[in-house]
Amino acid sequence: MNGYPPKVARNPFTPTFGVSPPVLVGRSDLISDFIDALEDGPGAPGRMTLYTGARGTGKTVLLNEVEDAARRLGWRVIAETATAGLVKRMITEHLPALLRDIDSGSDRSVVTGVSAPLGLGGATWETVAEHEAAPGLRNQLTAVTELMASSGTGLLVTLDEIHHQVVGELRELATVLQHLVREERQIAFVDAGLPSAVSAVLSDDVLTFLRRADRHSLGPVPIDDVSNAIARPVREAGREISPQLVASAAAATGGYPFLIQLVGYHIWRQQPSVLEISAADVEAGVLAARRRIGSLVHEPALADLPGVARTFLVAMAQDDGPSRMSDIAVRLIVDGNYASQYRLRLIATGLIKPAGHGRVDFTMPSLRDYLREHAVLEARPGLPAGDAEQFDIAPD
Ligand SMILES: Nc1ncnc2c1ncn2[C@@H]1O[C@H](COP(=O)(O)OP(=O)(O)O)[C@@H](O)[C@H]1O
Ligand SMILES: [Mg+2]
């Protein structure tokens, strides 16, 4: 705009985990379902929502969206990640800060003794019994919802990367939330995690409450939406790209949200100071994105798997499309039963999906390419039977 040499517009794409994209696509139904649930009042099922999806499907970004939507409706938000100390952070940091903030803005002082703002149970409320399980947590959450009630809004708690490692704290939180829901308080809870991590959490008996959440698995975004997510940021940042090139860039993403950003980013950076994006830019950008997706997404996902599961995937990668389970068993030299155990476990990771009778396919086609290019993973015949037991998946 001003200055010399002419300023090159900043690359608008955001190929970074947890960073909201310039144009978010394909999730508007999920977002409006959640908004409806807030507007419908206590008891609306969508007030307990769970998003699952592989690394890079946009879970964190979607949590950010529902948080923003809730704030626009006047709700308060506590956004947390499921790591050790979660409950303590809520009791000693988020909730006291929120209570001070809400209370200072209202005439009515419900809070009677915030004498030790950072101490466990430092705040006491006249209306709330002090001897409940997790007293700090339940008392403070109750107080927040009571303070919010007059405005007809409430509190949204979001929890990212839920994982079995913190199941004790999740249980504590779930128990309290369950009470608040039963009391028809204005509370909403949205959590997100990798499919395998979520199944591990939900298999815990005490967490039946969380199992009742509205569960959505984040799949690929429709290609038409992807076109918007690529074209609009380019044009809004002042450059041009033809509809045909947009379509071919969009197709190359397979609808996978992280690839939308990665492909867009690398296309843009080929010749950032040239107004119109060329076919060569798109070709080179797609190639660069494909090269990086392996180390950014596939490698960490594969590293979380036991060897047998990786070998299973390598066996699948021999096929150009969906694989027949009978072929996989033959390639692995195992019986059908054993192969089907791994089928289930791999489906739980979100890396593969059922594809019609007796068939499975990759959720992300680029994983097939990655495995073919990195065939260092030997197809190991005669697998040990006991390996099926160890299948712990780390959070992303
Ligand atoms: N709906 C979407 N449309 C466009 N880009 C998206 C969308 N969802 C996520 N992204 C992009 O994908 C990447 C991964 O998103 P993130 O929320 O971190 O995924 P996850 O938490 O599932 O691993 C980020 O770069 C983000 O900007
Ligand atoms: Mg995330």
# chains A, B, ... in the order shown; residues from 1 in each chain; ligands from 1
$ closest_atom_pairs --of "chain A" --to "ligand 2" --cutoff "8 Å" --atoms "only C-alpha atoms and all ligand atoms" --output "CSV"
residue,atom,partner,partner_atom_place_in_ligand_line,distance
A:Phe17,CA,ligand 2,1 (Mg),6.2
A:Gly18,CA,ligand 2,1 (Mg),5.5
A:Arg55,CA,ligand 2,1 (Mg),6.8
A:Gly56,CA,ligand 2,1 (Mg),7.0
A:Gly58,CA,ligand 2,1 (Mg),6.7
A:Lys59,CA,ligand 2,1 (Mg),5.4
A:Thr60,CA,ligand 2,1 (Mg),4.1
A:Val61,CA,ligand 2,1 (Mg),7.2
A:Asp160,CA,ligand 2,1 (Mg),6.9
A:Glu161,CA,ligand 2,1 (Mg),6.5
A:Gly193,CA,ligand 2,1 (Mg),7.6
A:Asp396,CA,ligand 2,1 (Mg),6.8
$ select_by_dssp --residues "stretch 168-316 of chain A" --states "strand (DSSP E)" --output "VMD selection string"
chain A and resid 187 to 193 214 to 217
$ atom_distance --atom1 "atom CA of A:Glu183" --atom2 "atom CA of A:Tyr51"
25.0 Å
$ closest_residue --among "A:Ala37, A:Val246, A:Ala237, A:Leu296" --to "A:Leu262" --atoms "only C-alpha atoms"
A:Leu296
$ closest_residue --among "A:Glu39, A:Glu236, A:His164, A:Phe13" --to "A:Arg72" --atoms "only C-alpha atoms"
A:Glu39
$ closest_residue --among "A:Ala192, A:Ala339, A:Val314, A:Ala69" --to "ligand 1" --atoms "only C-alpha atoms and all ligand atoms"
A:Ala192
$ residues_around --residues "A:Met325" --least-positions-apart "4" --cutoff "10 Å" --atoms "only C-alpha atoms" --output "PyMOL selection string"
chain A and resi 316+329-331+336+339-340+343+357-360
$ write_last_selection --atoms "N, CA, C and O atoms" --output "short mmCIF file (atom, residue, chain, number, x, y, z; two decimals), in the first residue's frame"
data_model
loop_
_atom_site.label_atom_id
_atom_site.label_comp_id
_atom_site.auth_asym_id
_atom_site.auth_seq_id
_atom_site.Cartn_x
_atom_site.Cartn_y
_atom_site.Cartn_z
N MET A 316 -2.57 -52.91 3.84
CA MET A 316 -3.67 -52.24 3.15
C MET A 316 -3.18 -51.36 2.00
O MET A 316 -3.86 -51.22 0.98
N ALA A 329 -5.55 -60.59 5.81
CA ALA A 329 -5.16 -61.74 6.63
C ALA A 329 -4.12 -62.58 5.90
O ALA A 329 -3.14 -63.02 6.49
N VAL A 330 -4.31 -62.77 4.59
CA VAL A 330 -3.35 -63.55 3.81
C VAL A 330 -1.99 -62.85 3.80
O VAL A 330 -0.95 -63.46 4.03
N ARG A 331 -2.02 -61.54 3.56
CA ARG A 331 -0.74 -60.80 3.50
C ARG A 331 0.00 -60.82 4.83
O ARG A 331 1.22 -60.83 4.88
N GLY A 336 -8.28 -64.99 10.23
CA GLY A 336 -9.24 -63.91 10.05
C GLY A 336 -9.63 -63.25 11.36
O GLY A 336 -9.83 -62.02 11.43
N ALA A 339 -6.90 -60.85 12.46
CA ALA A 339 -6.91 -59.66 11.62
C ALA A 339 -8.10 -58.77 11.99
O ALA A 339 -7.98 -57.53 12.02
N SER A 340 -9.23 -59.38 12.33
CA SER A 340 -10.40 -58.54 12.61
C SER A 340 -10.28 -57.81 13.94
O SER A 340 -10.86 -56.74 14.12
N ARG A 343 -8.54 -54.82 12.91
CA ARG A 343 -9.45 -53.98 12.14
C ARG A 343 -10.20 -53.06 13.10
O ARG A 343 -10.24 -51.84 12.92
N HIS A 357 -19.09 -54.49 2.97
CA HIS A 357 -18.94 -55.80 3.60
C HIS A 357 -17.51 -56.35 3.48
O HIS A 357 -16.98 -56.50 2.39
N GLY A 358 -16.91 -56.62 4.64
CA GLY A 358 -15.59 -57.24 4.67
C GLY A 358 -14.46 -56.39 4.12
O GLY A 358 -13.40 -56.90 3.80
N ARG A 359 -14.69 -55.09 4.02
CA ARG A 359 -13.65 -54.22 3.48
C ARG A 359 -13.34 -53.06 4.41
O ARG A 359 -14.18 -52.63 5.19
N VAL A 360 -12.13 -52.58 4.30
CA VAL A 360 -11.72 -51.37 5.03
C VAL A 360 -10.98 -50.44 4.09
O VAL A 360 -10.44 -50.87 3.08
#
$ residues_around --residues "A:Leu302" --least-positions-apart "5" --cutoff "10 Å" --atoms "only C-alpha atoms" --output "list in words"
Gly294, Val297, Gly307, Ala309, Arg310, Leu313, Leu351, Leu367, Leu371 and Ile393 of chain A
$ write_last_selection --atoms "N, CA and C atoms" --output "short mmCIF file (atom, residue, chain, number, x, y, z; two decimals), in the first residue's frame"
data_model
loop_
_atom_site.label_atom_id
_atom_site.label_comp_id
_atom_site.auth_asym_id
_atom_site.auth_seq_id
_atom_site.Cartn_x
_atom_site.Cartn_y
_atom_site.Cartn_z
N GLY A 294 3.17 -36.00 5.63
CA GLY A 294 3.68 -37.23 6.22
C GLY A 294 4.29 -36.99 7.59
N VAL A 297 1.55 -35.23 10.11
CA VAL A 297 0.33 -35.92 10.53
C VAL A 297 0.50 -37.44 10.59
N GLY A 307 3.54 -52.22 16.46
CA GLY A 307 4.07 -52.68 15.17
C GLY A 307 3.05 -53.43 14.32
N ALA A 309 -0.13 -53.14 14.15
CA ALA A 309 -1.12 -52.26 13.53
C ALA A 309 -0.50 -51.53 12.34
N ARG A 310 0.76 -51.15 12.46
CA ARG A 310 1.44 -50.51 11.32
C ARG A 310 1.56 -51.47 10.16
N LEU A 313 -1.54 -51.69 8.28
CA LEU A 313 -1.73 -50.55 7.38
C LEU A 313 -0.88 -50.68 6.12
N LEU A 351 -7.93 -43.99 11.77
CA LEU A 351 -7.04 -44.03 10.60
C LEU A 351 -7.67 -44.80 9.45
N LEU A 367 -2.53 -41.13 3.51
CA LEU A 367 -1.81 -42.08 4.34
C LEU A 367 -1.35 -43.28 3.50
N LEU A 371 2.50 -44.43 3.22
CA LEU A 371 2.97 -45.78 3.56
C LEU A 371 3.70 -46.41 2.38
N ILE A 393 -2.89 -45.24 22.78
CA ILE A 393 -2.67 -44.16 21.82
C ILE A 393 -2.49 -42.86 22.58
#
$ select_by_dssp --residues "stretch 145-375 of chain A" --states "helix (DSSP H, G or I)" --output "JSON list (two decimals) with C-alpha atoms, in the first residue's frame"
[["chain", "number", "residue", "atom", "x", "y", "z"],
["A", 145, "THR", "CA", -24.70, -20.61, 37.09],
["A", 146, "GLU", "CA", -26.71, -18.82, 39.79],
["A", 147, "LEU", "CA", -25.07, -15.52, 39.02],
["A", 148, "MET", "CA", -25.66, -16.01, 35.32],
["A", 149, "ALA", "CA", -29.27, -17.14, 35.73],
["A", 164, "HIS", "CA", -7.68, -41.80, 29.50],
["A", 165, "GLN", "CA", -4.60, -40.63, 31.39],
["A", 166, "VAL", "CA", -6.76, -38.08, 33.22],
["A", 167, "VAL", "CA", -9.76, -40.34, 33.71],
["A", 168, "GLY", "CA", -9.83, -39.66, 37.45],
["A", 169, "GLU", "CA", -10.25, -35.93, 36.95],
["A", 170, "LEU", "CA", -12.73, -36.45, 34.15],
["A", 171, "ARG", "CA", -14.79, -38.58, 36.49],
["A", 172, "GLU", "CA", -14.72, -35.85, 39.11],
["A", 173, "LEU", "CA", -15.78, -33.22, 36.60],
["A", 174, "ALA", "CA", -18.44, -35.47, 35.06],
["A", 175, "THR", "CA", -19.94, -36.22, 38.47],
["A", 176, "VAL", "CA", -20.32, -32.54, 39.25],
["A", 177, "LEU", "CA", -21.66, -31.70, 35.79],
["A", 178, "GLN", "CA", -24.19, -34.47, 36.10],
["A", 179, "HIS", "CA", -25.52, -32.89, 39.32],
["A", 180, "LEU", "CA", -25.78, -29.49, 37.69],
["A", 181, "VAL", "CA", -27.59, -30.89, 34.67],
["A", 182, "ARG", "CA", -30.04, -32.71, 36.93],
["A", 195, "PRO", "CA", -11.38, -41.41, 18.42],
["A", 196, "SER", "CA", -9.22, -44.02, 20.14],
["A", 197, "ALA", "CA", -8.61, -41.80, 23.17],
["A", 198, "VAL", "CA", -12.32, -41.06, 23.40],
["A", 199, "SER", "CA", -13.28, -44.74, 23.29],
["A", 200, "ALA", "CA", -10.80, -45.46, 26.05],
["A", 201, "VAL", "CA", -12.33, -42.72, 28.20],
["A", 202, "LEU", "CA", -15.91, -43.73, 27.48],
["A", 205, "ASP", "CA", -17.95, -47.33, 33.78],
["A", 206, "VAL", "CA", -18.16, -44.21, 35.86],
["A", 207, "LEU", "CA", -18.32, -42.03, 32.79],
["A", 208, "THR", "CA", -21.72, -43.17, 31.53],
["A", 209, "PHE", "CA", -22.73, -39.56, 31.84],
["A", 210, "LEU", "CA", -20.20, -38.48, 29.22],
["A", 211, "ARG", "CA", -21.30, -41.35, 27.01],
["A", 223, "ILE", "CA", -14.96, -30.41, -1.75],
["A", 224, "ASP", "CA", -17.19, -27.46, -2.71],
["A", 225, "ASP", "CA", -16.67, -26.04, 0.75],
["A", 226, "VAL", "CA", -12.94, -26.64, 0.42],
["A", 227, "SER", "CA", -12.97, -24.52, -2.75],
["A", 228, "ASN", "CA", -14.37, -21.62, -0.74],
["A", 229, "ALA", "CA", -11.81, -22.13, 2.00],
["A", 230, "ILE", "CA", -9.04, -21.77, -0.59],
["A", 231, "ALA", "CA", -10.44, -19.15, -2.95],
["A", 232, "ARG", "CA", -11.74, -16.63, -0.43],
["A", 233, "PRO", "CA", -8.55, -16.14, 1.58],
["A", 234, "VAL", "CA", -6.54, -15.77, -1.65],
["A", 235, "ARG", "CA", -8.92, -13.14, -3.05],
["A", 236, "GLU", "CA", -9.37, -11.33, 0.23],
["A", 243, "PRO", "CA", -11.93, -21.43, -10.55],
["A", 244, "GLN", "CA", -10.28, -24.36, -12.33],
["A", 245, "LEU", "CA", -7.13, -24.05, -10.26],
["A", 246, "VAL", "CA", -9.18, -23.67, -7.09],
["A", 247, "ALA", "CA", -10.98, -26.90, -7.99],
["A", 248, "SER", "CA", -7.78, -28.82, -8.54],
["A", 249, "ALA", "CA", -6.24, -27.50, -5.32],
["A", 250, "ALA", "CA", -9.43, -28.41, -3.44],
["A", 251, "ALA", "CA", -9.47, -31.92, -4.88],
["A", 252, "ALA", "CA", -5.89, -32.44, -3.73],
["A", 253, "THR", "CA", -6.89, -31.89, -0.08],
["A", 257, "PRO", "CA", -9.00, -29.69, 7.02],
["A", 258, "PHE", "CA", -5.32, -29.57, 7.84],
["A", 259, "LEU", "CA", -4.48, -30.16, 4.17],
["A", 260, "ILE", "CA", -6.72, -27.25, 3.16],
["A", 261, "GLN", "CA", -4.39, -24.95, 5.04],
["A", 262, "LEU", "CA", -1.20, -26.76, 4.08],
["A", 263, "VAL", "CA", -2.05, -26.85, 0.37],
["A", 264, "GLY", "CA", -3.24, -23.23, 0.40],
["A", 265, "TYR", "CA", -0.11, -22.11, 2.20],
["A", 266, "HIS", "CA", 2.30, -23.79, -0.19],
["A", 267, "ILE", "CA", 0.45, -22.68, -3.29],
["A", 268, "TRP", "CA", 0.55, -19.10, -2.07],
["A", 279, "ALA", "CA", -1.07, -23.80, -12.68],
["A", 280, "ALA", "CA", 2.60, -24.40, -11.90],
["A", 281, "ASP", "CA", 2.15, -22.76, -8.47],
["A", 282, "VAL", "CA", -0.73, -25.10, -7.73],
["A", 283, "GLU", "CA", 1.18, -28.15, -8.87],
["A", 284, "ALA", "CA", 4.28, -27.26, -6.86],
["A", 285, "GLY", "CA", 2.22, -26.24, -3.83],
["A", 286, "VAL", "CA", 0.26, -29.49, -3.76],
["A", 287, "LEU", "CA", 3.49, -31.45, -4.02],
["A", 288, "ALA", "CA", 5.11, -29.50, -1.20],
["A", 289, "ALA", "CA", 2.03, -30.01, 1.00],
["A", 290, "ARG", "CA", 1.99, -33.75, 0.27],
["A", 291, "ARG", "CA", 5.61, -34.01, 1.24],
["A", 292, "ARG", "CA", 4.99, -32.36, 4.58],
["A", 293, "ILE", "CA", 1.74, -34.04, 5.56],
["A", 294, "GLY", "CA", 3.68, -37.23, 6.22],
["A", 295, "SER", "CA", 5.90, -35.87, 8.94],
["A", 296, "LEU", "CA", 3.25, -33.51, 10.34],
["A", 297, "VAL", "CA", 0.33, -35.92, 10.53],
["A", 298, "HIS", "CA", 1.01, -39.50, 9.46],
["A", 299, "GLU", "CA", 4.32, -40.01, 11.20],
["A", 300, "PRO", "CA", 3.07, -39.02, 14.68],
["A", 301, "ALA", "CA", -0.12, -41.04, 14.19],
["A", 302, "LEU", "CA", 1.86, -44.14, 13.16],
["A", 303, "ALA", "CA", 4.34, -43.70, 15.98],
["A", 307, "GLY", "CA", 4.07, -52.68, 15.17],
["A", 308, "VAL", "CA", 1.30, -55.07, 14.20],
["A", 309, "ALA", "CA", -1.12, -52.26, 13.53],
["A", 310, "ARG", "CA", 1.44, -50.51, 11.32],
["A", 311, "THR", "CA", 2.05, -53.72, 9.43],
["A", 312, "PHE", "CA", -1.70, -54.02, 8.92],
["A", 313, "LEU", "CA", -1.73, -50.55, 7.38],
["A", 314, "VAL", "CA", 1.22, -51.35, 5.14],
["A", 315, "ALA", "CA", -0.67, -54.43, 3.95],
["A", 316, "MET", "CA", -3.67, -52.24, 3.15],
["A", 325, "MET", "CA", -10.08, -58.24, 5.07],
["A", 326, "SER", "CA", -9.47, -61.69, 3.63],
["A", 327, "ASP", "CA", -6.56, -60.29, 1.57],
["A", 328, "ILE", "CA", -5.12, -58.52, 4.60],
["A", 329, "ALA", "CA", -5.16, -61.74, 6.63],
["A", 330, "VAL", "CA", -3.35, -63.55, 3.81],
["A", 331, "ARG", "CA", -0.74, -60.80, 3.50],
["A", 332, "LEU", "CA", -0.11, -60.79, 7.24],
["A", 336, "GLY", "CA", -9.24, -63.91, 10.05],
["A", 337, "ASN", "CA", -10.07, -63.55, 13.71],
["A", 338, "TYR", "CA", -6.75, -62.03, 14.57],
["A", 339, "ALA", "CA", -6.91, -59.66, 11.62],
["A", 340, "SER", "CA", -10.40, -58.54, 12.61],
["A", 341, "GLN", "CA", -9.23, -57.63, 16.11],
["A", 342, "TYR", "CA", -6.81, -55.22, 14.50],
["A", 343, "ARG", "CA", -9.45, -53.98, 12.14],
["A", 344, "LEU", "CA", -11.55, -52.87, 15.11],
["A", 345, "ARG", "CA", -8.65, -51.28, 16.89],
["A", 346, "LEU", "CA", -7.54, -49.38, 13.83],
["A", 347, "ILE", "CA", -11.07, -48.17, 13.16],
["A", 348, "ALA", "CA", -11.05, -46.85, 16.73],
["A", 349, "THR", "CA", -7.98, -44.75, 15.91],
["A", 365, "PRO", "CA", -6.00, -41.26, 1.13],
["A", 366, "SER", "CA", -2.66, -39.52, 1.66],
["A", 367, "LEU", "CA", -1.81, -42.08, 4.34],
["A", 368, "ARG", "CA", -1.79, -44.77, 1.65],
["A", 369, "ASP", "CA", 0.71, -42.74, -0.39],
["A", 370, "TYR", "CA", 2.81, -42.09, 2.67],
["A", 371, "LEU", "CA", 2.97, -45.78, 3.56],
["A", 372, "ARG", "CA", 3.90, -46.69, 0.01],
["A", 373, "GLU", "CA", 6.70, -44.17, -0.03]]
